[in-house]
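Let me begin by presenting the structure, written as structure tokens, before commenting on it.
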Amino acid sequence: MTRILTIEDDAVTAREIVAELSSHGLQVDWVDNGREGLDRAVSGNYDLITLDRMLPELDGLAIVTTLRTMGVATPILMISALSDVDERVRGLRAGGDDYLTKPFATDEMAARVEVLLRRQNSVATQATTLQVADLELDLISHEARRAEQVLTLLPTEYKLLEFLMRNSGQILSRMMIFEEVWGYHFDPGTNLIDVHIGRLRKKIDAAGNVPLIRTVRGSGYVIAEPV
Amino acid sequence: MGVMYFEVSGYLDNLAKHSLMQRQHLFSHFRGEQLEEALAASMTFDIRGIDAYGLFDAQGVYLGGALQQLPEGLPLDGKIHTLDDCADSDDPTLPADSCDAVATQTRDGRWLVLLRDNGSLFAVTRIILHALFWGVSLTILPGIAGWHLLRRRPMRRIRAIQDSAQAIVAGDLTHRLPLSNRRDELDMLAAIVNAMLDRIERLMHEVKGVCDNIAHDLRTPLTRLRAQLYRMQQQAGEGSQEAAQLDLVLAEADTLMARFRGLLRISELEDRQRRSGFIELDPVQLLEELHEFYLPLAEEGELLFVLNMPETLPPLNGDRALLFEALANLLSNSIKFTPAGGTVILRGVNDGGHTRIEVHDSGPGIPEAEREAVFQRFYRAEGGQPQSGFGLGLSIVAAIVSLHGFNLEVGSSELGGAKLVLNCRQSLIANS
């Protein structure tokens, strides 16, 4: 059972985090202050930690730095009220793996958690190809094939497909897609990502093929085996 | 001096008339031949020939004297008149001038005309006039020259003050007007303005602090709100009426959150004093990336989206992510507002050594009256539909442009719509 530690001082928010992650089949432990959080993180052997940056008494950034200095390699999702880009950079540089700013959507938080967990697991296996149903992606030659037919993808389309396929079965929010594929951290308006996905769909899910890329209303996109 | 001239002039004039009057009275007492002798005698003393006389009989026939005929225009009434045109006196050094004359009837019926040339008198006034002229020019001309010289130093100081003021107006509130050691009026004024600026800076910090606190305080409630709505949506039966309603509510909550984050973003950008994150960027790469990024959206809207630039452009000093965001906002607007079948152009130009980036569209454009106002948060065009506002996008662009010290202009494009021009020449001191 995958175990998550949530360090969050606002009870209502914490309850929602716990509920959402639990619904994904994860086991969640919640602490509401930094000191206890640090203790548990060191001893608890968790698979992932969600950490509120603005905690009473102990600053979230300090906790991350301490954990990394002590050699704790658990992936950390920082949840912060400090949304300035500089702060994001500081958080990640201190050792955080991902950074989510408040106010946030719980489903987005869950998606990021899942992506981080998956990344952690797949570090061991160095796959050279990704596969979803009859769609194949060669990570070395950057070639995509559907039902043995080679598809021509633009560089951005390739990056997009790779991200979706690496996290197949996992809903990815538009912001996550934008950040991963284009590397920027502002909100470009939902429409833009939709259009790029649309273009990819035209190539991947061309007429005659079972659609693999699905839209999850209000949350994002997912590529998965057809149900 | 002028007063003296007039007074002296008047006095001398009176003196002249008085003298003439005296002569008139003197000669009126003589009769017959005694008159002629007296007249001739008086002439011997008049070397300069100021006084002249003429003796005529009752019919005006000439009898004797220097005046050989009755002067024209002289009324025969025994009163002193001033004649403009005069018989010249013997002394050539005296200016030809007016004279006073009187025609008086003697006791035996003859006409005696006495004439006095005013030239000599007016020589005096002329001396005064010259003195006046010289005095004036010797005071006024050096005065003007002195004024120009004295202006220079204060003008330099005023120019220094002007430069500081411009920096302040451009947004750098930490600037202060320069003070010299003199403690003169300019310094007093500068000190007052500086005190005002201190206060304004403090007030703005307070306001910013309050805004930050509000923003901070709103983050948690918004998170909670959204989270709980989401949970309700998940728990509602699939396809049920509640699920449908919650979908709508959740969409609204997401919009609310997005706008809120936009506002926070603008706040952060406006706050950012540091420009140490700036690096040298190649605008060509940036524009290519933007073009590739927005091409699908443009095609979706059936628009022609063209990238127009030379092979190389002068590098910019800035934050790549922020500039991408700013230009992305501009392109997003252009694409959104241009109707199908139209054109959007992204152009890079080498403008005398620095890069200029333009976004053109064939949409409705921005009316001249609104070109300043569109950069306000949530600005809506007068009488426009609810969807026609620019929301926060342009405010974010304005904040980013200001942070970089660049200049953004709004105008009309030859395509018929809006033209947004970003001049990437830094006008403030970098790394302040």
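Going by the structure tokens order, chains are called A, B, ..., each with residues numbered from 1, while ligands are numbered from 1 in the order shown.
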
Which neighbours of Leu153 (chain A) fall inside 9 Å, counting only C-alpha atoms, when residues of the same chain fewer than 2 positions from it are skipped, and could you give them as a list in words?
-> His142, Glu143, Ala144, Leu151, Pro155, Thr156, Glu157, Tyr158, Leu200 and Lys203 of chain A

Same residues, C-alpha atoms, output as an mmCIF file, in the first residue's frame:
data_model
loop_
_atom_site.group_PDB
_atom_site.id
_atom_site.type_symbol
_atom_site.label_atom_id
_atom_site.label_comp_id
_atom_site.auth_asym_id
_atom_site.auth_seq_id
_atom_site.Cartn_x
_atom_site.Cartn_y
_atom_site.Cartn_z
ATOM 1 C CA HIS A 142 11.128 9.254 -31.456
ATOM 2 C CA GLU A 143 8.941 7.278 -33.762
ATOM 3 C CA ALA A 144 5.251 6.732 -33.101
ATOM 4 C CA LEU A 151 2.782 8.590 -37.597
ATOM 5 C CA PRO A 155 8.562 17.840 -31.873
ATOM 6 C CA THR A 156 5.998 19.399 -29.541
ATOM 7 C CA GLU A 157 3.421 16.740 -30.392
ATOM 8 C CA TYR A 158 5.983 14.063 -29.606
ATOM 9 C CA LEU A 200 -2.480 15.228 -31.504
ATOM 10 C CA LYS A 203 -3.055 11.953 -35.693
#

What are the closest atom pairs, with distances in Å to one decimal, for all residues of chain B lying within 7 Å of chain A? Consider only C-alpha atoms, order rows by chain and residue number, and present the result as a tab-separated table.
residue	atom	partner	partner_atom	distance
B:Arg219	CA	A:Pro103	CA	5.0
B:Thr220	CA	A:Pro103	CA	6.5
B:Leu222	CA	A:Pro103	CA	5.9
B:Thr223	CA	A:Pro103	CA	4.7
B:Arg224	CA	A:Thr13	CA	5.6
B:Arg226	CA	A:Ala105	CA	6.4
B:Ala227	CA	A:Thr106	CA	5.7
B:Ala251	CA	A:Gly218	CA	6.9
B:Met257	CA	A:Pro103	CA	6.8
B:Glu268	CA	A:Asp84	CA	6.3
B:Pro296	CA	A:Val195	CA	6.3
B:Leu297	CA	A:Val195	CA	5.8
B:Ala321	CA	A:Tyr184	CA	6.3
B:Glu325	CA	A:Phe186	CA	6.9

Residues just named, written with C-alpha atoms as a tab-separated table (two decimals), in the first residue's frame:
chain	number	residue	atom	x	y	z
B	219	ARG	CA	-6.19	31.57	-0.64
B	220	THR	CA	-7.26	29.13	2.03
B	222	LEU	CA	-10.84	29.40	-1.99
B	223	THR	CA	-8.96	26.14	-1.69
B	224	ARG	CA	-11.46	24.84	0.80
B	226	ARG	CA	-13.15	24.31	-4.43
B	227	ALA	CA	-12.11	21.14	-2.61
B	251	ALA	CA	-16.60	25.39	-13.38
B	257	MET	CA	-9.67	30.65	-8.81
B	268	GLU	CA	3.81	39.86	-7.65
B	296	PRO	CA	-2.80	25.31	-33.86
B	297	LEU	CA	-5.07	27.76	-32.09
B	321	ALA	CA	9.49	33.03	-19.20
B	325	GLU	CA	3.99	35.03	-21.10

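Going from CA of His24 (chain A) over to CA of Ile4 (chain A), you cover 11.5 Å.
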
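Separating CA of Ala41 (chain B) from CA of Gly54 (chain B) is a distance of 13.8 Å.
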
Determine, counting only C-alpha atoms, which protein, DNA and RNA residues have an atom within 9 Å of an atom of Leu26 (chain A); residues of the same chain fewer than 2 positions away are not included. Present the result as a PDB file with C-alpha atoms, in the first residue's frame.
ATOM      1  CA  MET A   1       0.000   0.000   0.000  1.00  0.00           C
ATOM      2  CA  THR A   2       1.442   3.313  -0.975  1.00  0.00           C
ATOM      3  CA  ARG A   3       1.868   5.576   2.024  1.00  0.00           C
ATOM      4  CA  ILE A   4       1.622   9.340   1.928  1.00  0.00           C
ATOM      5  CA  VAL A  18      -6.750  13.085   2.720  1.00  0.00           C
ATOM      6  CA  LEU A  21      -5.774  10.808  -2.022  1.00  0.00           C
ATOM      7  CA  SER A  22      -7.620   8.049  -0.231  1.00  0.00           C
ATOM      8  CA  SER A  23     -10.060   7.821  -3.102  1.00  0.00           C
ATOM      9  CA  HIS A  24      -7.060   7.090  -5.280  1.00  0.00           C
ATOM     10  CA  VAL A  28      -2.592   9.002   4.065  1.00  0.00           C
TER      11      VAL A  28
END

Which residues come within 7 Å of Leu172 (chain A), counting only C-alpha atoms, excluding same-chain residues fewer than 3 positions away, as a compact mmCIF listing (two decimals) with C-alpha atoms, in the first residue's frame?
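Generated file (part.txt):
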# COMPACT_ATOMS: atom_id res chain seq x y z
CA ALA A 111 -2.69 14.03 -10.28
CA MET A 176 0.73 19.97 -15.72
CA ILE A 177 0.80 19.34 -19.46
CA GLY A 220 -7.66 17.31 -17.79
CA TYR A 221 -6.71 14.57 -20.20
CA VAL A 222 -5.69 10.95 -19.98

Region 107-216 of chain A: which residues are helix (DSSP H, G or I) by DSSP, as a ChimeraX atom specification?
-> /A:107-122,155-166,174-182,190-204

Run DSSP on the backbone and give me the residues of region 97-177 of chain A it puts in strand (DSSP E), as a list in words.
-> Asp98, Tyr99, Leu100, Thr101, Thr129, Leu130, Gln131, Val132, Leu135, Glu136, Leu137, Asp138, Glu143, Ala144, Arg145, Arg146, Gln149, Val150, Leu151, Leu172 and Ser173 of chain A

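One finds CA of Leu67 (chain B) at 6.7 Å from CA of Ala52 (chain B).
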
Neighbours of Glu37 (chain B) within 12 Å (only C-alpha atoms; same-chain residues fewer than 5 positions away dropped), as a PyMOL selection string?
-> chain B and resi 27+30-32+42-44+55+64-65

Written selection (N, CA and C atoms) as a PDB file, in the first residue's frame:
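Result saved to result_17.pdb:
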ATOM      1  N   PHE B  27       9.562 145.562 -25.703  1.00  0.00           N
ATOM      2  CA  PHE B  27       9.543 146.354 -26.934  1.00  0.00           C
ATOM      3  C   PHE B  27       8.205 147.075 -27.155  1.00  0.00           C
ATOM      4  N   PHE B  30       8.238 150.954 -26.560  1.00  0.00           N
ATOM      5  CA  PHE B  30       8.932 151.927 -27.426  1.00  0.00           C
ATOM      6  C   PHE B  30       8.012 152.451 -28.504  1.00  0.00           C
ATOM      7  N   ARG B  31       8.351 153.658 -28.957  1.00  0.00           N
ATOM      8  CA  ARG B  31       7.593 154.219 -30.083  1.00  0.00           C
ATOM      9  C   ARG B  31       8.551 154.652 -31.158  1.00  0.00           C
ATOM     10  N   GLY B  32       8.005 154.693 -32.281  1.00  0.00           N
ATOM     11  CA  GLY B  32       8.713 155.296 -33.401  1.00  0.00           C
ATOM     12  C   GLY B  32      10.109 154.761 -33.576  1.00  0.00           C
ATOM     13  N   SER B  42      19.380 145.181 -29.366  1.00  0.00           N
ATOM     14  CA  SER B  42      19.221 143.852 -28.745  1.00  0.00           C
ATOM     15  C   SER B  42      19.922 142.786 -29.570  1.00  0.00           C
ATOM     16  N   MET B  43      19.992 143.021 -30.867  1.00  0.00           N
ATOM     17  CA  MET B  43      20.622 142.026 -31.736  1.00  0.00           C
ATOM     18  C   MET B  43      22.112 141.887 -31.476  1.00  0.00           C
ATOM     19  N   THR B  44      22.755 142.974 -31.061  1.00  0.00           N
ATOM     20  CA  THR B  44      24.205 142.875 -30.855  1.00  0.00           C
ATOM     21  C   THR B  44      24.559 141.880 -29.745  1.00  0.00           C
ATOM     22  N   LEU B  55      10.026 143.785 -38.394  1.00  0.00           N
ATOM     23  CA  LEU B  55       9.138 144.935 -38.196  1.00  0.00           C
ATOM     24  C   LEU B  55       8.367 145.175 -39.494  1.00  0.00           C
ATOM     25  N   GLY B  64      11.911 146.323 -41.434  1.00  0.00           N
ATOM     26  CA  GLY B  64      13.281 146.092 -40.963  1.00  0.00           C
ATOM     27  C   GLY B  64      13.360 144.771 -40.182  1.00  0.00           C
ATOM     28  N   GLY B  65      14.599 144.407 -39.917  1.00  0.00           N
ATOM     29  CA  GLY B  65      14.810 143.216 -39.057  1.00  0.00           C
ATOM     30  C   GLY B  65      15.195 141.987 -39.872  1.00  0.00           C
TER      31      GLY B  65
END

Leaving out Ala127 (chain A) and any residue of its chain fewer than 5 positions from it, which residues lie within 10 Å of it when counting only C-alpha atoms, given as a PyMOL selection string?
-> chain A and resi 122+138-140+166

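By chain and then residue number, the residues within 12 Å of Thr65 (chain A) are A:Leu38, A:Arg53, A:Leu58, A:Asp59, A:Gly71, A:Val72, A:Ala73, A:Ile76, A:Arg90, A:Gly91, A:Leu92, A:Arg93, A:Ala94, A:Gly95, A:Gly96, counting only C-alpha atoms and disregarding those fewer than 6 positions away in sequence.
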
Could you write those residues out with C-alpha atoms, as a PDB file, in the first residue's frame?
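New file selection_5.pdb:
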ATOM      1  CA  LEU A  38       9.817  16.275  10.278  1.00  0.00           C
ATOM      2  CA  ARG A  53       5.317  25.649   2.922  1.00  0.00           C
ATOM      3  CA  LEU A  58       8.885  25.506  11.304  1.00  0.00           C
ATOM      4  CA  ASP A  59       9.190  26.805   7.760  1.00  0.00           C
ATOM      5  CA  GLY A  71      19.594  11.814   3.041  1.00  0.00           C
ATOM      6  CA  VAL A  72      15.835  11.302   2.913  1.00  0.00           C
ATOM      7  CA  ALA A  73      15.040  10.914  -0.780  1.00  0.00           C
ATOM      8  CA  ILE A  76       8.062  15.928  -1.894  1.00  0.00           C
ATOM      9  CA  ARG A  90      13.713  28.302  -4.315  1.00  0.00           C
ATOM     10  CA  GLY A  91      11.396  25.498  -3.270  1.00  0.00           C
ATOM     11  CA  LEU A  92      12.548  23.189  -6.007  1.00  0.00           C
ATOM     12  CA  ARG A  93      16.163  24.049  -5.493  1.00  0.00           C
ATOM     13  CA  ALA A  94      15.893  23.235  -1.802  1.00  0.00           C
ATOM     14  CA  GLY A  95      14.925  19.720  -2.752  1.00  0.00           C
ATOM     15  CA  GLY A  96      11.234  19.747  -3.575  1.00  0.00           C
TER      16      GLY A  96
END
